[in-house]
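Have a look at start25.txt below; it lists compact mmCIF, C-alpha atoms.
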```
# COMPACT_ATOMS: atom_id res chain seq x y z
CA MET A 1 0.00 0.00 0.00
CA LYS A 2 2.77 2.39 1.00
CA ARG A 3 4.49 1.61 -2.24
CA TYR A 4 1.39 2.61 -4.21
CA VAL A 5 1.04 5.85 -2.29
CA ALA A 6 4.69 6.66 -3.00
CA LEU A 7 4.23 5.75 -6.65
CA MET A 8 1.16 7.96 -6.93
CA ALA A 9 3.03 10.81 -5.27
CA VAL A 10 5.91 10.46 -7.74
CA LEU A 11 3.47 10.32 -10.65
CA ALA A 12 1.62 13.37 -9.40
CA MET A 13 4.91 15.25 -9.09
CA ALA A 14 5.95 14.17 -12.57
CA VAL A 15 2.62 15.36 -14.01
CA GLY A 16 3.02 18.63 -12.10
CA LEU A 17 6.56 19.15 -13.42
CA VAL A 18 5.46 18.38 -16.96
CA GLY A 19 2.63 20.86 -16.50
CA VAL A 20 5.02 23.59 -15.35
CA ALA A 21 7.41 22.88 -18.21
CA TRP A 22 4.47 23.00 -20.63
CA ALA A 23 3.18 26.28 -19.38
CA ALA A 24 6.55 28.04 -19.56
CA ASP A 25 7.14 27.63 -23.28
CA VAL A 26 6.17 30.02 -26.04
CA GLU A 27 3.01 28.90 -27.80
CA VAL A 28 2.81 28.86 -31.56
CA PRO A 29 -0.63 28.29 -33.05
CA LEU A 30 -1.16 26.00 -36.02
CA VAL A 31 -4.44 24.97 -37.60
CA ILE A 32 -5.37 22.16 -39.94
CA GLU A 33 -8.45 23.01 -41.97
CA LYS A 34 -9.70 21.53 -45.25
CA ASN A 35 -6.62 19.29 -45.14
CA ARG A 36 -4.22 22.24 -45.27
CA TRP A 37 -1.96 23.71 -42.61
CA GLN A 38 -2.55 27.32 -41.65
CA PRO A 39 -0.15 29.02 -41.70
CA ASP A 40 1.97 26.93 -44.04
CA VAL A 41 5.10 28.76 -42.95
CA VAL A 42 5.51 28.77 -39.17
CA LYS A 43 8.19 31.16 -37.95
CA VAL A 44 9.84 30.41 -34.61
CA LYS A 45 12.87 31.62 -32.72
CA ALA A 46 15.91 29.38 -33.17
CA GLY A 47 17.45 27.81 -30.09
CA VAL A 48 14.33 28.10 -27.94
CA PRO A 49 11.93 25.23 -27.27
CA PHE A 50 8.31 26.03 -28.05
CA VAL A 51 4.89 24.48 -28.03
CA LEU A 52 2.94 23.99 -31.23
CA VAL A 53 -0.72 24.38 -30.34
CA ILE A 54 -2.35 22.47 -33.16
CA THR A 55 -6.09 22.64 -33.75
CA ASN A 56 -7.77 20.26 -36.14
CA LYS A 57 -10.89 21.87 -37.60
CA ASP A 58 -11.57 18.99 -39.97
CA LYS A 59 -13.94 16.09 -39.52
CA GLY A 60 -11.16 13.49 -39.66
CA PRO A 61 -7.91 13.11 -37.73
CA GLU A 62 -4.58 14.28 -39.09
CA GLU A 63 -1.02 13.29 -38.28
CA LEU A 64 1.76 15.82 -38.23
CA ASP A 65 4.74 14.02 -39.71
CA MET A 66 8.22 15.53 -39.66
CA LEU A 67 11.31 13.59 -40.74
CA SER A 68 14.01 15.67 -39.14
CA PRO A 69 13.71 15.86 -36.18
CA ARG A 70 11.51 12.80 -36.27
CA ILE A 71 8.10 13.79 -34.96
CA GLU A 72 4.74 12.11 -35.43
CA LYS A 73 1.66 13.47 -33.73
CA VAL A 74 -1.95 12.58 -34.28
CA ILE A 75 -4.49 15.38 -33.90
CA PRO A 76 -7.99 13.89 -33.62
CA ALA A 77 -10.86 15.61 -35.41
CA GLY A 78 -12.03 18.78 -33.68
CA LYS A 79 -9.29 18.61 -31.03
CA THR A 80 -6.41 20.80 -29.98
CA VAL A 81 -3.09 19.17 -29.18
CA ARG A 82 -0.12 20.83 -27.52
CA LEU A 83 3.04 19.47 -29.10
CA LYS A 84 6.22 20.30 -27.24
CA MET A 85 8.94 21.02 -29.76
CA PRO A 86 12.67 20.90 -29.06
CA ALA A 87 14.90 23.94 -29.59
CA LEU A 88 15.69 24.07 -33.31
CA LYS A 89 18.83 25.35 -34.97
CA PRO A 90 18.28 28.06 -37.60
CA GLY A 91 16.89 26.40 -40.70
CA LYS A 92 13.83 25.05 -42.46
CA TYR A 93 11.92 22.06 -41.12
CA PRO A 94 9.31 20.79 -43.55
CA PHE A 95 6.43 18.62 -42.38
CA VAL A 96 3.25 17.15 -43.82
CA GLY A 97 -0.12 15.95 -42.63
CA GLU A 98 0.46 12.28 -43.31
CA TYR A 99 -3.16 11.52 -44.05
CA HIS A 100 -3.38 14.25 -46.70
CA SER A 101 0.21 14.70 -47.75
CA GLU A 102 -0.75 16.10 -51.18
CA THR A 103 -2.32 19.22 -49.68
CA ALA A 104 -1.15 19.40 -46.06
CA LYS A 105 2.42 20.63 -46.52
CA ALA A 106 4.09 23.24 -44.38
CA THR A 107 7.46 24.34 -43.02
CA ILE A 108 8.72 25.55 -39.69
CA VAL A 109 11.33 28.26 -40.17
CA ALA A 110 13.63 28.75 -37.18
CA GLU A 111 15.48 32.10 -37.24
CA MET B 1 -7.40 5.87 -53.36
CA GLY B 2 -3.77 5.28 -54.33
CA ALA B 3 -2.47 7.42 -51.48
CA THR B 4 -4.51 5.63 -48.82
CA PHE B 5 -3.46 2.28 -50.28
CA VAL B 6 0.21 3.21 -49.82
CA ILE B 7 -0.34 4.45 -46.27
CA THR B 8 -2.14 1.37 -44.93
CA LEU B 9 0.14 -1.01 -46.85
CA ARG B 10 3.14 0.68 -45.26
CA GLU B 11 1.62 0.68 -41.79
CA ALA B 12 0.55 -2.98 -41.92
CA PHE B 13 3.58 -4.37 -43.72
CA GLU B 14 5.85 -4.67 -40.70
CA ALA B 15 3.25 -6.49 -38.63
CA ALA B 16 2.54 -8.84 -41.55
CA LEU B 17 6.24 -9.56 -41.92
CA ILE B 18 6.73 -10.34 -38.24
CA LEU B 19 3.60 -12.48 -38.00
CA GLY B 20 4.47 -14.31 -41.23
CA ILE B 21 7.93 -15.22 -39.96
CA ILE B 22 6.81 -16.30 -36.51
CA TYR B 23 3.85 -18.36 -37.78
CA THR B 24 6.24 -20.17 -40.09
CA TYR B 25 8.73 -20.67 -37.31
CA LEU B 26 6.13 -22.11 -34.93
CA GLU B 27 4.81 -24.39 -37.63
CA LYS B 28 8.30 -25.59 -38.47
CA VAL B 29 9.13 -26.47 -34.90
CA GLY B 30 5.70 -28.00 -34.33
CA ALA B 31 4.70 -25.62 -31.54
CA ARG B 32 0.96 -25.62 -32.16
CA ASP B 33 0.25 -23.92 -28.84
CA GLY B 34 2.36 -21.02 -29.96
CA VAL B 35 0.20 -20.50 -33.03
CA ARG B 36 -2.80 -19.98 -30.74
CA TYR B 37 -0.89 -17.50 -28.60
CA LEU B 38 0.31 -15.66 -31.68
CA THR B 39 -3.21 -15.37 -33.12
CA ARG B 40 -4.63 -14.26 -29.78
CA GLY B 41 -1.89 -11.66 -29.42
CA GLY B 42 -2.61 -10.35 -32.90
CA VAL B 43 -6.36 -10.14 -32.26
CA LEU B 44 -5.79 -8.41 -28.92
CA GLY B 45 -3.44 -5.99 -30.68
CA LEU B 46 -6.21 -5.23 -33.15
CA LEU B 47 -8.76 -4.67 -30.37
CA ALA B 48 -6.30 -2.48 -28.47
CA SER B 49 -5.73 -0.47 -31.66
CA VAL B 50 -9.44 0.18 -32.02
CA GLY B 51 -9.64 1.01 -28.29
CA MET B 52 -6.70 3.40 -28.56
CA GLY B 53 -8.21 5.01 -31.67
CA ILE B 54 -11.44 5.64 -29.79
CA ALA B 55 -9.65 6.75 -26.61
CA VAL B 56 -7.49 9.27 -28.47
CA SER B 57 -10.59 10.80 -30.02
CA TYR B 58 -12.16 11.33 -26.59
CA LEU B 59 -9.10 12.34 -24.59
CA SER B 60 -8.09 15.93 -24.12
CA GLY B 61 -5.51 18.00 -22.24
CA PRO B 62 -2.14 16.58 -21.14
CA LEU B 63 -3.38 13.01 -21.57
CA LEU B 64 -3.88 13.65 -25.28
CA ASP B 65 -0.69 15.75 -25.52
CA VAL B 66 1.76 13.18 -24.14
CA GLY B 67 -0.18 9.96 -23.50
CA PRO B 68 -0.08 8.51 -27.03
CA ASP B 69 3.62 9.42 -27.40
CA LEU B 70 4.58 7.65 -24.19
CA ILE B 71 2.63 4.56 -25.23
CA THR B 72 4.28 4.61 -28.65
CA ILE B 73 7.76 4.82 -27.15
CA ALA B 74 7.00 2.02 -24.67
CA VAL B 75 5.62 -0.21 -27.42
CA ILE B 76 8.63 0.44 -29.68
CA PHE B 77 11.18 -0.53 -27.02
CA ALA B 78 9.10 -3.47 -25.82
CA ALA B 79 8.95 -4.71 -29.42
CA VAL B 80 12.74 -4.40 -29.74
CA GLY B 81 13.22 -6.44 -26.57
CA LEU B 82 10.70 -9.10 -27.57
CA LEU B 83 12.06 -9.47 -31.11
CA THR B 84 15.60 -9.78 -29.78
CA TRP B 85 14.43 -12.45 -27.38
CA HIS B 86 12.65 -14.26 -30.20
CA ALA B 87 15.70 -14.17 -32.46
CA TRP B 88 17.79 -15.56 -29.62
CA TRP B 89 15.25 -18.30 -28.99
CA MET B 90 15.15 -19.25 -32.68
CA ARG B 91 18.91 -19.31 -32.71
CA GLN B 92 19.12 -21.70 -29.76
CA HIS B 93 16.61 -23.85 -31.47
CA ALA B 94 18.46 -23.86 -34.76
CA ARG B 95 21.51 -25.14 -32.90
CA LEU B 96 19.53 -27.99 -31.43
CA ILE B 97 18.17 -28.98 -34.79
CA ARG B 98 21.49 -28.71 -36.53
CA GLY B 99 23.01 -30.96 -33.91
CA GLN B 100 20.30 -33.54 -34.68
CA VAL B 101 19.74 -33.81 -30.95
CA GLN B 102 16.07 -33.16 -31.02
CA ASN B 103 13.95 -31.73 -33.72
CA ARG B 104 10.91 -30.79 -31.71
CA ILE B 105 10.49 -28.09 -29.19
CA ASP B 106 10.62 -29.03 -25.57
CA GLU B 107 6.99 -28.52 -24.62
CA ALA B 108 7.63 -27.79 -20.98
CA ARG B 109 10.26 -25.19 -21.70
CA SER B 110 8.37 -23.62 -24.51
CA SER B 111 4.97 -23.31 -22.89
CA ASN B 112 6.47 -20.97 -20.33
CA ARG B 113 7.66 -18.75 -23.10
CA LEU B 114 4.80 -18.90 -25.55
CA TRP B 115 2.90 -16.05 -23.94
CA ALA B 116 5.82 -13.90 -25.06
CA VAL B 117 5.11 -14.95 -28.64
CA GLY B 118 1.62 -13.57 -28.07
CA LEU B 119 3.14 -10.33 -26.79
CA ILE B 120 5.24 -10.03 -29.94
CA ALA B 121 2.11 -10.32 -32.07
CA PHE B 122 0.39 -7.78 -29.84
CA THR B 123 3.14 -5.17 -30.10
CA ALA B 124 3.58 -5.81 -33.83
CA VAL B 125 -0.10 -5.13 -34.55
CA PHE B 126 -0.65 -2.42 -31.95
CA ARG B 127 2.40 -0.34 -32.89
CA GLU B 128 0.96 0.98 -36.12
CA GLY B 129 -2.55 -0.36 -35.57
CA ALA B 130 -4.00 2.56 -33.62
CA GLU B 131 -2.74 4.98 -36.23
CA THR B 132 -4.24 2.92 -39.04
CA VAL B 133 -7.58 2.74 -37.24
CA LEU B 134 -7.60 6.53 -36.79
CA PHE B 135 -6.65 6.99 -40.41
CA LEU B 136 -9.44 4.76 -41.72
CA TRP B 137 -11.90 6.32 -39.32
CA GLY B 138 -10.92 9.73 -40.64
CA ILE B 139 -11.65 8.60 -44.17
CA VAL B 140 -15.11 7.43 -43.15
CA ALA B 141 -15.76 10.63 -41.20
CA GLN B 142 -14.84 12.77 -44.18
CA ALA B 143 -16.46 10.46 -46.68
CA GLY B 144 -17.88 12.38 -49.56
CA GLY B 145 -17.85 11.02 -53.07
CA ALA B 146 -14.11 10.34 -52.99
CA GLY B 147 -14.23 9.00 -49.43
CA TRP B 148 -15.35 5.53 -50.36
CA GLY B 149 -12.69 5.14 -53.00
CA SER B 150 -10.13 6.04 -50.34
CA MET B 151 -11.68 3.54 -47.97
CA VAL B 152 -11.37 0.81 -50.60
CA GLY B 153 -7.72 1.81 -51.11
CA GLY B 154 -7.08 1.69 -47.36
CA VAL B 155 -8.63 -1.73 -46.91
CA ALA B 156 -6.84 -3.01 -50.02
CA GLY B 157 -3.54 -1.83 -48.53
CA ILE B 158 -4.11 -3.87 -45.37
CA ALA B 159 -5.26 -6.88 -47.42
CA CYS B 160 -2.15 -6.59 -49.58
CA ALA B 161 0.10 -6.52 -46.48
CA ALA B 162 -1.73 -9.56 -45.10
CA ALA B 163 -1.21 -11.34 -48.45
CA LEU B 164 2.51 -10.58 -48.19
CA GLY B 165 2.58 -12.07 -44.70
CA TRP B 166 0.79 -15.12 -46.06
CA ALA B 167 3.29 -15.37 -48.94
CA ILE B 168 6.14 -15.33 -46.42
CA PHE B 169 4.39 -18.09 -44.51
CA ARG B 170 3.91 -20.21 -47.66
CA GLY B 171 7.41 -19.55 -48.95
CA GLY B 172 8.96 -20.02 -45.53
CA ARG B 173 7.38 -23.43 -45.14
CA ARG B 174 9.15 -24.63 -48.28
CA LEU B 175 12.51 -23.25 -47.22
CA SER B 176 14.71 -25.90 -45.67
CA LEU B 177 15.28 -25.56 -41.93
CA HIS B 178 18.95 -25.12 -42.64
CA HIS B 179 18.24 -21.87 -44.50
CA PHE B 180 15.12 -20.76 -42.67
CA PHE B 181 16.68 -20.03 -39.30
CA PRO B 182 19.65 -17.90 -40.28
CA VAL B 183 17.65 -15.94 -42.88
CA THR B 184 14.74 -15.14 -40.56
CA THR B 185 17.03 -14.44 -37.62
CA ILE B 186 18.84 -11.84 -39.71
CA PHE B 187 15.51 -10.39 -40.89
CA ILE B 188 14.24 -10.04 -37.35
CA MET B 189 17.55 -8.62 -36.16
CA LEU B 190 17.61 -5.89 -38.83
CA LEU B 191 13.94 -5.14 -38.26
CA ALA B 192 14.54 -4.75 -34.53
CA ALA B 193 17.63 -2.61 -35.19
CA GLY B 194 15.47 -0.30 -37.32
CA LEU B 195 12.86 -0.14 -34.58
CA PHE B 196 15.52 0.61 -31.99
CA SER B 197 16.85 3.53 -34.01
CA THR B 198 13.26 4.73 -34.55
CA GLY B 199 12.78 4.70 -30.79
CA ILE B 200 15.93 6.80 -30.34
CA ALA B 201 14.73 9.21 -33.04
CA ARG B 202 11.35 9.56 -31.36
CA LEU B 203 13.03 10.30 -28.03
CA GLN B 204 15.02 13.01 -29.81
CA GLY B 205 11.85 14.39 -31.36
CA MET B 206 10.23 14.52 -27.92
CA GLY B 207 13.18 16.47 -26.60
CA LEU B 208 14.16 13.68 -24.18
CA LEU B 209 17.45 13.18 -26.02
CA PRO B 210 19.51 16.03 -27.50
CA LEU B 211 18.71 16.89 -31.12
CA SER B 212 21.24 16.48 -33.87
CA GLU B 213 21.51 17.26 -37.55
CA PRO B 214 20.83 14.56 -40.12
CA LEU B 215 24.08 13.00 -41.35
CA TRP B 216 22.83 12.87 -44.94
CA ASN B 217 19.65 13.21 -46.92
CA THR B 218 18.77 10.58 -49.49
CA SER B 219 15.12 11.61 -49.87
CA TRP B 220 15.90 12.71 -53.46
CA LEU B 221 16.69 9.06 -54.15
CA LEU B 222 14.13 7.31 -51.99
CA ARG B 223 11.47 9.01 -49.90
CA ASP B 224 10.51 7.48 -46.55
CA GLY B 225 6.84 7.80 -47.51
CA SER B 226 7.04 5.91 -50.82
CA ILE B 227 6.15 2.22 -51.12
CA THR B 228 9.75 1.12 -51.55
CA GLY B 229 10.92 3.50 -48.82
CA GLY B 230 8.23 2.16 -46.50
CA PHE B 231 9.20 -1.46 -47.24
CA LEU B 232 12.88 -0.81 -46.68
CA SER B 233 12.03 1.12 -43.53
CA GLY B 234 10.11 -1.88 -42.18
CA LEU B 235 12.65 -4.44 -43.37
CA VAL B 236 16.01 -2.90 -42.57
CA GLY B 237 15.17 0.42 -40.91
CA TYR B 238 15.77 2.70 -43.91
CA ARG B 239 15.77 6.43 -43.12
CA SER B 240 16.41 9.16 -45.64
CA GLN B 241 17.70 11.56 -42.98
CA PRO B 242 19.29 9.65 -40.11
CA THR B 243 21.03 11.43 -37.27
CA LEU B 244 24.23 10.24 -35.59
CA PRO B 245 22.42 8.81 -32.51
CA GLU B 246 20.01 6.94 -34.82
CA LEU B 247 22.86 5.51 -36.86
CA CYS B 248 24.85 4.59 -33.74
CA ALA B 249 21.80 2.94 -32.17
CA TYR B 250 21.35 0.88 -35.33
CA LEU B 251 24.98 -0.16 -35.62
CA ILE B 252 25.43 -0.90 -31.92
CA TYR B 253 22.30 -3.03 -31.94
CA VAL B 254 23.42 -4.98 -35.00
CA VAL B 255 26.93 -5.56 -33.65
CA VAL B 256 25.93 -6.50 -30.10
CA VAL B 257 22.95 -8.67 -31.00
CA GLY B 258 24.77 -10.08 -34.03
CA LEU B 259 27.60 -11.22 -31.77
CA LEU B 260 25.10 -12.61 -29.29
CA LEU B 261 23.29 -14.56 -31.98
CA PHE B 262 25.95 -15.64 -34.40
CA VAL B 263 29.04 -16.35 -32.34
CA ARG B 264 29.14 -19.99 -31.44
CA ARG B 265 29.01 -20.86 -27.79
CA ALA B 266 29.22 -24.60 -27.51
CA PRO B 267 28.38 -24.97 -23.79
CA VAL B 268 24.96 -23.36 -24.21
CA THR B 269 24.07 -25.82 -26.94
CA VAL B 270 25.01 -28.75 -24.79
CA GLY B 271 23.08 -27.37 -21.84
CA LEU B 272 19.89 -26.86 -23.80
CA ALA B 273 20.21 -30.15 -25.57
CA SER B 274 20.46 -32.13 -22.38
CA ALA B 275 17.60 -30.17 -20.86
CA SER B 276 15.30 -30.94 -23.75
CA ARG B 277 16.19 -34.60 -23.80
CA SER B 278 15.15 -35.12 -20.23
```
Same coordinates, now as structure tokens:
Amino acid sequence: MKRYVALMAVLAMAVGLVGVAWAADVEVPLVIEKNRWQPDVVKVKAGVPFVLVITNKDKGPEELDMLSPRIEKVIPAGKTVRLKMPALKPGKYPFVGEYHSETAKATIVAE
Amino acid sequence: MGATFVITLREAFEAALILGIIYTYLEKVGARDGVRYLTRGGVLGLLASVGMGIAVSYLSGPLLDVGPDLITIAVIFAAVGLLTWHAWWMRQHARLIRGQVQNRIDEARSSNRLWAVGLIAFTAVFREGAETVLFLWGIVAQAGGAGWGSMVGGVAGIACAAALGWAIFRGGRRLSLHHFFPVTTIFIMLLAAGLFSTGIARLQGMGLLPLSEPLWNTSWLLRDGSITGGFLSGLVGYRSQPTLPELCAYLIYVVVVGLLLFVRRAPVTVGLASASRS
């Protein structure tokens, strides 16, 4: 029993820490609508971690798929997902919506 | 239709490959119980995929933000561990058979381990399963005129992957035992190495490991998302833009596990042989 209490306490602390870390980062909005990313060029500050706040306005889910760094994130229909992004070096980071890769193309530009 | 076909084929291919190899293996060694475990594991993986697909659609907040990622990472590394274990097990077995000591599995020994075969099937199906379920669900949700064509493409992709798994099973059965074990052990080893480096890449993407630049970019030659790229990714862990940690993870895995599997250690063979004779 004690062990479970300790485990729960550790978990609660971990969730709390994650929450604090989440809240501290700069938020960058991103929307998927009609199977296209808006905006399709996302400018961020290089060297600083940030949070992509992605809202899916479509009726179906979408998956953000980036090859470098390797990131895959499903955004269910009608939901908003906060995706913590690592600090990026200056450069261009293209990504697609895997489920509609013909139309859902965009790039993060770190400057 | 074509695009959805490629996506589901790519997602289901790896699971079909793993299941095809292990079904053949179990059939070859006459472990009928294992076949049941494998099928159950696969079905449970499918159910869990549907469950996860539904859960993700209803979750929100931090659970939705990090929950699926943590599960993905856990499943990837569990799959690496299980596949490594399976390759090792097959290897031990191949030694027994080669030594003509005993050509059937020791039931008592194996039954303790067969649940792990079920786990392999579970992780193989579940890893990409939830994503595929969400994808197909999305197609249905957005179904207009073109939606149904896409749905047909998606289902055809899965069917095609299953057919490939079946082909491996049929072909594998004809392969002599002498060739079957080393070939499939190498397949599984490379597949697990690819998974291991994927796991490292995902940890980097989540910011849990430091980021690094890709060492090269061969996407002009072969894109990760194409059919061939997807096959090679599933088979040998192809990446168009690997980073140094990914490459190191791959090489270290291949070297360490390769040594573990392919360097002869006579005493182990003797030990297992005498155990299975008793």
* Residues near region 83-98 of chain A, cut-off 8 Å, only C-alpha atoms, skip fewer than 3 positions along chain, as a ChimeraX atom specification -> /A:22,35-37,46-54,62-68,73,101,104-111 /B:65,205-207,211
If you keep C-alpha atoms, can you produce a file of those selected residues as a tab-separated table (two decimals), in the coordinates of the input?
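What landed in result_1.tsv:
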```
chain	number	residue	atom	x	y	z
A	22	TRP	CA	4.47	23.00	-20.63
A	35	ASN	CA	-6.62	19.29	-45.14
A	36	ARG	CA	-4.22	22.24	-45.27
A	37	TRP	CA	-1.96	23.71	-42.61
A	46	ALA	CA	15.91	29.38	-33.17
A	47	GLY	CA	17.45	27.81	-30.09
A	48	VAL	CA	14.33	28.10	-27.94
A	49	PRO	CA	11.93	25.23	-27.27
A	50	PHE	CA	8.31	26.03	-28.05
A	51	VAL	CA	4.89	24.48	-28.03
A	52	LEU	CA	2.94	23.99	-31.23
A	53	VAL	CA	-0.72	24.38	-30.34
A	54	ILE	CA	-2.35	22.47	-33.16
A	62	GLU	CA	-4.58	14.28	-39.09
A	63	GLU	CA	-1.02	13.29	-38.28
A	64	LEU	CA	1.76	15.82	-38.23
A	65	ASP	CA	4.74	14.02	-39.71
A	66	MET	CA	8.22	15.53	-39.66
A	67	LEU	CA	11.31	13.59	-40.74
A	68	SER	CA	14.01	15.67	-39.14
A	73	LYS	CA	1.66	13.47	-33.73
A	101	SER	CA	0.21	14.70	-47.75
A	104	ALA	CA	-1.15	19.40	-46.06
A	105	LYS	CA	2.42	20.63	-46.52
A	106	ALA	CA	4.09	23.24	-44.38
A	107	THR	CA	7.46	24.34	-43.02
A	108	ILE	CA	8.72	25.55	-39.69
A	109	VAL	CA	11.33	28.26	-40.17
A	110	ALA	CA	13.63	28.75	-37.18
A	111	GLU	CA	15.48	32.10	-37.24
B	65	ASP	CA	-0.69	15.75	-25.52
B	205	GLY	CA	11.85	14.39	-31.36
B	206	MET	CA	10.23	14.52	-27.92
B	207	GLY	CA	13.18	16.47	-26.60
B	211	LEU	CA	18.71	16.89	-31.12
```
* Asked: What residues in chain A have any atom no more than 6 Å from chain B when counting only C-alpha atoms, and can you write them as an NGL selection string?
  -> :A and (59-61 or 69-71 or 76 or 81-82 or 86)
* Report the distance between CA of Ala121 (chain B) and CA of Gly45 (chain B) in Å, rounded to one decimal place. =>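 That distance, rounded to one decimal, is 7.2 Å.
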* **Neighbour list for Val31 (chain A) as a PyMOL selection string, cut-off 8 Å, all atoms listed in the file, skip fewer than 2 positions in-chain** => chain A and resi 29+33+37-39+54-57
So that I have them on file, write out the residues from the current selection with C-alpha atoms, as a compact mmCIF listing (two decimals), in the coordinates of the input.
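Written output follows (part17.txt):
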```
# COMPACT_ATOMS: atom_id res chain seq x y z
CA PRO A 29 -0.63 28.29 -33.05
CA GLU A 33 -8.45 23.01 -41.97
CA TRP A 37 -1.96 23.71 -42.61
CA GLN A 38 -2.55 27.32 -41.65
CA PRO A 39 -0.15 29.02 -41.70
CA ILE A 54 -2.35 22.47 -33.16
CA THR A 55 -6.09 22.64 -33.75
CA ASN A 56 -7.77 20.26 -36.14
CA LYS A 57 -10.89 21.87 -37.60
```
* **Separation of CA of Glu11 (chain B) from CA of His179 (chain B) in Å** =>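 Taking CA of His179 (chain B) and CA of Glu11 (chain B), their separation equals 28.1 Å.
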* Asked: By how many Å are CA of Ser176 (chain B) and CA of Thr84 (chain B) apart?
  ->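 Distance reported for this atom pair: 22.7 Å.
Non-sequential neighbours of Ala116 (chain B) (distance at most 9 Å, separation of 6 or more positions within a chain, only C-alpha atoms) are Tyr37, Leu38, Leu82 and His86 of chain B.
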